[in-house]
Amino acid sequence: MERLTAQDVMTLWPDEAGWPQDIGLVALLDGGDLVDTDGRFPIEEVQASIEARLALVPRLRQIVFVPRWGLGRPLWVDAAAFDIRDHVHAVRPADHADEARLLAVVEELHRRPLVRSRPLWEMWFVPEPAGRRTAIYLRVHHVIADGPAGVAMLGALFDAALHGAVLPVEPWIPAPVPTVTELVVDNIRRRRAAIVRMLTACLRPVMIVSRVRGTWSSARKMVAEGRAPRSSLNRRIGAAREFAVVDVELGTMHDISHRYGAKINDVLLTAFAGGLRELLRGRGEPDDLELRAVVPVSLHRELPGPARGNVLGQMIVPLPLGIDDPVRRLAAIAADTATRKRAVRPRLGAVVGGPIVRWSALTMLPRQRMMNTYVADVPGPPAPLFFLGADVSKMIPVVALMGNIAVGVGALSYAGQVTITVVGDSAVCPEVDVIAHGVARTLQALEASLYRN
């Protein structure tokens, strides 16, 4: 029996307020024979191929089961009736030569809510009219995986070689939902184990004091920094999104970070700050603010085995928009993040309560003043992937927003290239192309600085 973690449970809450927490990517396929001479896309063959791989990712045939009060947290159970046709679809052909048109199709698909009574994922195929390329939009709910766990999932759904092994579709029999008695016994066992862990920890007071002191120090620093500045970017958002994409070579990001003693994530933050600076200037607002970005920090390395589920901490990083020179801005951000990374970052979702806690959290999110934006940087597959004999030429990340965070970026490295997606709320921040332009200009300026004497 596998219960949802506290962090998993919290990823479900924003859905209730109209902020779907679906994450995913768009993979562009070049070549292959996915479209026949008549322009027909072989959806049945593709569905069979995907279904044969689901044994490698059991979570994709499971749903979130919420037991009644007193029987413990929600848990993962096998879907009683799983049909691959509910999850793998093809849509009308779209012109990929214009990436903006493809992203408009993705946005339309993104707005369709996932059905809670089914496994929370979908894969959409969007072929080009001439059959030159096919796009895949893969989305999963955040409750299934965070960014690193999602990347690990790609190894099961895609091939590492041009002509991967053809797997047969094996019969699948769902396991029954646990009985009330089994849920009661499991809940008691887990509570007893928690008490034992607490009592055991009490025998090591030095460790407890160290952890409390570290956590208190981090919380105190966060409070001491005060509220995030007010900005037109921070208003309650809806469910519609706008996307814009910036591409940069991973080698360029490495060269910049190495030259200035920074990390790749620092370069991303610096470039995004340049984009936000350009946006605010265009809106006639002060462009010398120090906006705050919440940055998820993967803690998967602290656990054995492959990455799965949600294992994230976070840190809040100031973005000094007032520093015009990108090199000086990078230096300031790199120095700041180096200090923050040494602080204790407890896992998100340490506290899970009932309806009152959930209601309080959802009420607070549209009014929060701790952060202005969101930045996620996920290392992707370093080697090329394939799907049914077609090359995956590019991967475009798609991140989720919620509350009053109207714009954010997701960056994904893949086979020597980094793709940065600017995601904005369609009503509050539709000018994602302006931000993307500022991001690209900042990266170009940083690259040019490498060749100065």
# chains A, B, ... in the order shown; residues from 1 in each chain; ligands from 1

$ residues_around --residues "A:Ile256" --least-positions-apart "5" --cutoff "12 Å" --atoms "only C-alpha atoms" --output "number ranges by chain"
A: 248-251, 261-268, 270-271, 326-327, 330-331, 334, 442-451

$ write_last_selection --atoms "N, CA and C atoms" --output "short mmCIF file (atom, residue, chain, number, x, y, z; two decimals), in the first residue's frame"
data_model
loop_
_atom_site.label_atom_id
_atom_site.label_comp_id
_atom_site.auth_asym_id
_atom_site.auth_seq_id
_atom_site.Cartn_x
_atom_site.Cartn_y
_atom_site.Cartn_z
N VAL A 248 19.17 27.92 -26.45
CA VAL A 248 20.58 28.25 -26.26
C VAL A 248 21.36 26.95 -26.13
N GLU A 249 22.59 26.96 -26.62
CA GLU A 249 23.43 25.77 -26.51
C GLU A 249 23.85 25.55 -25.05
N LEU A 250 23.81 24.28 -24.62
CA LEU A 250 24.24 23.96 -23.26
C LEU A 250 25.70 24.33 -23.06
N GLY A 251 26.52 24.16 -24.10
CA GLY A 251 27.92 24.53 -24.01
C GLY A 251 28.11 26.02 -23.72
N GLY A 261 32.37 31.92 -12.49
CA GLY A 261 32.28 31.22 -11.22
C GLY A 261 30.85 31.05 -10.73
N ALA A 262 29.93 30.81 -11.66
CA ALA A 262 28.51 30.69 -11.33
C ALA A 262 28.02 29.29 -11.70
N LYS A 263 26.74 29.06 -11.47
CA LYS A 263 26.08 27.83 -11.88
C LYS A 263 25.17 28.14 -13.07
N ILE A 264 24.80 27.09 -13.79
CA ILE A 264 23.91 27.28 -14.94
C ILE A 264 22.59 27.90 -14.50
N ASN A 265 22.12 27.50 -13.32
CA ASN A 265 20.86 28.07 -12.83
C ASN A 265 21.01 29.57 -12.56
N ASP A 266 22.20 30.01 -12.15
CA ASP A 266 22.44 31.44 -11.97
C ASP A 266 22.34 32.19 -13.30
N VAL A 267 22.87 31.57 -14.35
CA VAL A 267 22.78 32.18 -15.69
C VAL A 267 21.32 32.30 -16.10
N LEU A 268 20.52 31.26 -15.84
CA LEU A 268 19.10 31.30 -16.17
C LEU A 268 18.40 32.41 -15.41
N THR A 270 19.69 35.12 -14.20
CA THR A 270 20.15 36.41 -14.72
C THR A 270 19.45 36.77 -16.01
N ALA A 271 19.31 35.79 -16.91
CA ALA A 271 18.64 36.04 -18.18
C ALA A 271 17.15 36.35 -17.97
N PRO A 326 24.50 42.78 -17.47
CA PRO A 326 24.23 41.36 -17.20
C PRO A 326 25.36 40.66 -16.44
N VAL A 327 26.61 41.06 -16.69
CA VAL A 327 27.72 40.40 -16.00
C VAL A 327 27.69 40.72 -14.51
N LEU A 330 24.79 38.87 -12.96
CA LEU A 330 25.13 37.45 -12.75
C LEU A 330 25.99 37.28 -11.52
N ALA A 331 26.97 38.15 -11.34
CA ALA A 331 27.85 38.06 -10.18
C ALA A 331 27.06 38.21 -8.89
N ALA A 334 24.87 35.01 -8.42
CA ALA A 334 25.70 33.84 -8.08
C ALA A 334 26.18 33.90 -6.64
N THR A 442 19.83 39.03 -23.12
CA THR A 442 20.75 38.90 -21.99
C THR A 442 21.75 37.77 -22.21
N LEU A 443 21.27 36.65 -22.72
CA LEU A 443 22.17 35.52 -23.00
C LEU A 443 23.19 35.90 -24.07
N GLN A 444 22.75 36.63 -25.08
CA GLN A 444 23.68 37.07 -26.13
C GLN A 444 24.75 38.01 -25.56
N ALA A 445 24.32 38.91 -24.65
CA ALA A 445 25.27 39.83 -24.03
C ALA A 445 26.28 39.07 -23.17
N LEU A 446 25.82 38.07 -22.44
CA LEU A 446 26.74 37.28 -21.60
C LEU A 446 27.70 36.49 -22.46
N GLU A 447 27.21 35.94 -23.57
CA GLU A 447 28.09 35.19 -24.47
C GLU A 447 29.12 36.12 -25.09
N ALA A 448 28.69 37.32 -25.51
CA ALA A 448 29.62 38.26 -26.11
C ALA A 448 30.71 38.68 -25.13
N SER A 449 30.35 38.72 -23.83
CA SER A 449 31.34 39.15 -22.82
C SER A 449 32.48 38.14 -22.68
N LEU A 450 32.26 36.91 -23.15
CA LEU A 450 33.31 35.90 -23.04
C LEU A 450 34.51 36.23 -23.93
N TYR A 451 34.29 37.01 -24.96
CA TYR A 451 35.34 37.26 -25.94
C TYR A 451 35.96 38.64 -25.79
#

$ select_by_dssp --residues "stretch 55-260 of chain A" --states "helix (DSSP H, G or I)" --output "PyMOL selection string"
chain A and resi 55-56+58-61+84-86+99-110+147-157+180-202+205-224+250-259

$ residues_around --residues "A:Pro129" --least-positions-apart "3" --cutoff "7 Å" --atoms "only C-alpha atoms" --output "list in words"
Pro93, Ala94 and Asp95 of chain A

$ select_by_dssp --residues "stretch 2-213 of chain A" --states "strand (DSSP E or B)" --output "number ranges by chain"
A: 2-3, 22-30, 62-65, 75-78, 88-90, 121-127, 133-141, 145, 159

$ residues_around --residues "A:Met370" --least-positions-apart "3" --cutoff "10 Å" --atoms "only C-alpha atoms" --output "JSON, numbers by chain"
{"A": [222, 223, 225, 226, 227, 228, 229, 291, 292, 293, 294, 316, 365, 367, 373]}

$ closest_residue --among "A:Glu2, A:Asp159, A:Glu44, A:Asp22" --to "A:Glu122" --atoms "only C-alpha atoms"
A:Asp22

$ residues_around --residues "stretch 272-276 of chain A" --least-positions-apart "3" --cutoff "8 Å" --atoms "only C-alpha atoms" --output "list in words"
Leu268, Leu269, Leu279, Leu280, Leu319, Pro320, Leu321, Pro326, Val409, Val434, Ile435, Ala436, His437, Gly438, Val439, Arg441 and Thr442 of chain A

$ write_last_selection --atoms "N, CA and C atoms" --output "PDB file, in the first residue's frame"
ATOM      1  N   LEU A 268      20.524  31.263 -15.843  1.00  0.00           N
ATOM      2  CA  LEU A 268      19.103  31.301 -16.171  1.00  0.00           C
ATOM      3  C   LEU A 268      18.397  32.411 -15.408  1.00  0.00           C
ATOM      4  N   LEU A 269      18.663  32.528 -14.118  1.00  0.00           N
ATOM      5  CA  LEU A 269      18.044  33.578 -13.306  1.00  0.00           C
ATOM      6  C   LEU A 269      18.431  34.966 -13.816  1.00  0.00           C
ATOM      7  N   LEU A 279      10.158  43.717 -19.738  1.00  0.00           N
ATOM      8  CA  LEU A 279       8.698  43.737 -19.642  1.00  0.00           C
ATOM      9  C   LEU A 279       8.216  44.927 -18.828  1.00  0.00           C
ATOM     10  N   LEU A 280       8.787  45.140 -17.641  1.00  0.00           N
ATOM     11  CA  LEU A 280       8.338  46.224 -16.782  1.00  0.00           C
ATOM     12  C   LEU A 280       8.600  47.579 -17.424  1.00  0.00           C
ATOM     13  N   LEU A 319      15.953  38.799  -7.594  1.00  0.00           N
ATOM     14  CA  LEU A 319      16.399  39.110  -8.943  1.00  0.00           C
ATOM     15  C   LEU A 319      16.617  40.621  -9.036  1.00  0.00           C
ATOM     16  N   PRO A 320      17.865  41.078  -9.018  1.00  0.00           N
ATOM     17  CA  PRO A 320      18.142  42.520  -9.008  1.00  0.00           C
ATOM     18  C   PRO A 320      17.982  43.139 -10.393  1.00  0.00           C
ATOM     19  N   LEU A 321      16.739  43.477 -10.740  1.00  0.00           N
ATOM     20  CA  LEU A 321      16.479  44.052 -12.056  1.00  0.00           C
ATOM     21  C   LEU A 321      17.176  45.397 -12.249  1.00  0.00           C
ATOM     22  N   PRO A 326      24.501  42.784 -17.473  1.00  0.00           N
ATOM     23  CA  PRO A 326      24.235  41.361 -17.203  1.00  0.00           C
ATOM     24  C   PRO A 326      25.359  40.661 -16.441  1.00  0.00           C
ATOM     25  N   VAL A 409       9.361  30.638 -15.619  1.00  0.00           N
ATOM     26  CA  VAL A 409      10.108  29.991 -16.695  1.00  0.00           C
ATOM     27  C   VAL A 409      10.481  28.581 -16.278  1.00  0.00           C
ATOM     28  N   VAL A 434       7.795  39.370 -25.085  1.00  0.00           N
ATOM     29  CA  VAL A 434       8.677  40.453 -24.647  1.00  0.00           C
ATOM     30  C   VAL A 434       9.710  39.914 -23.662  1.00  0.00           C
ATOM     31  N   ILE A 435       9.260  39.105 -22.726  1.00  0.00           N
ATOM     32  CA  ILE A 435      10.188  38.516 -21.750  1.00  0.00           C
ATOM     33  C   ILE A 435      11.199  37.619 -22.457  1.00  0.00           C
ATOM     34  N   ALA A 436      10.713  36.795 -23.397  1.00  0.00           N
ATOM     35  CA  ALA A 436      11.609  35.899 -24.125  1.00  0.00           C
ATOM     36  C   ALA A 436      12.661  36.692 -24.893  1.00  0.00           C
ATOM     37  N   HIS A 437      12.265  37.812 -25.470  1.00  0.00           N
ATOM     38  CA  HIS A 437      13.223  38.656 -26.186  1.00  0.00           C
ATOM     39  C   HIS A 437      14.293  39.171 -25.230  1.00  0.00           C
ATOM     40  N   GLY A 438      13.868  39.595 -24.035  1.00  0.00           N
ATOM     41  CA  GLY A 438      14.835  40.071 -23.042  1.00  0.00           C
ATOM     42  C   GLY A 438      15.748  38.969 -22.561  1.00  0.00           C
ATOM     43  N   VAL A 439      15.224  37.755 -22.403  1.00  0.00           N
ATOM     44  CA  VAL A 439      16.050  36.611 -22.006  1.00  0.00           C
ATOM     45  C   VAL A 439      17.115  36.339 -23.075  1.00  0.00           C
ATOM     46  N   ARG A 441      18.305  38.393 -25.374  1.00  0.00           N
ATOM     47  CA  ARG A 441      19.280  39.496 -25.438  1.00  0.00           C
ATOM     48  C   ARG A 441      20.293  39.396 -24.308  1.00  0.00           C
ATOM     49  N   THR A 442      19.829  39.028 -23.117  1.00  0.00           N
ATOM     50  CA  THR A 442      20.749  38.900 -21.986  1.00  0.00           C
ATOM     51  C   THR A 442      21.745  37.775 -22.214  1.00  0.00           C
TER      52      THR A 442
END

$ residues_around --residues "stretch 54-59 of chain A" --least-positions-apart "5" --cutoff "12 Å" --atoms "only C-alpha atoms" --output "PyMOL selection string"
chain A and resi 2+4+47-49+64+75-79+82-84+87+118-121+140-141+143-145+149-150+152-158+167-175+306+308-309

$ atom_distance --atom1 "atom CA of A:Val26" --atom2 "atom CA of A:Pro14"
23.1 Å

$ closest_residue --among "A:Glu431, A:Tyr374, A:Asn234, A:Tyr137" --to "A:Leu109" --atoms "only C-alpha atoms"
A:Tyr137

$ atom_distance --atom1 "atom CA of A:Arg40" --atom2 "atom CA of A:Ala135"
14.7 Å

$ closest_residue --among "A:Ser298, A:Ser232, A:Thr252, A:Thr134" --to "A:Gly416" --atoms "only C-alpha atoms"
A:Thr252
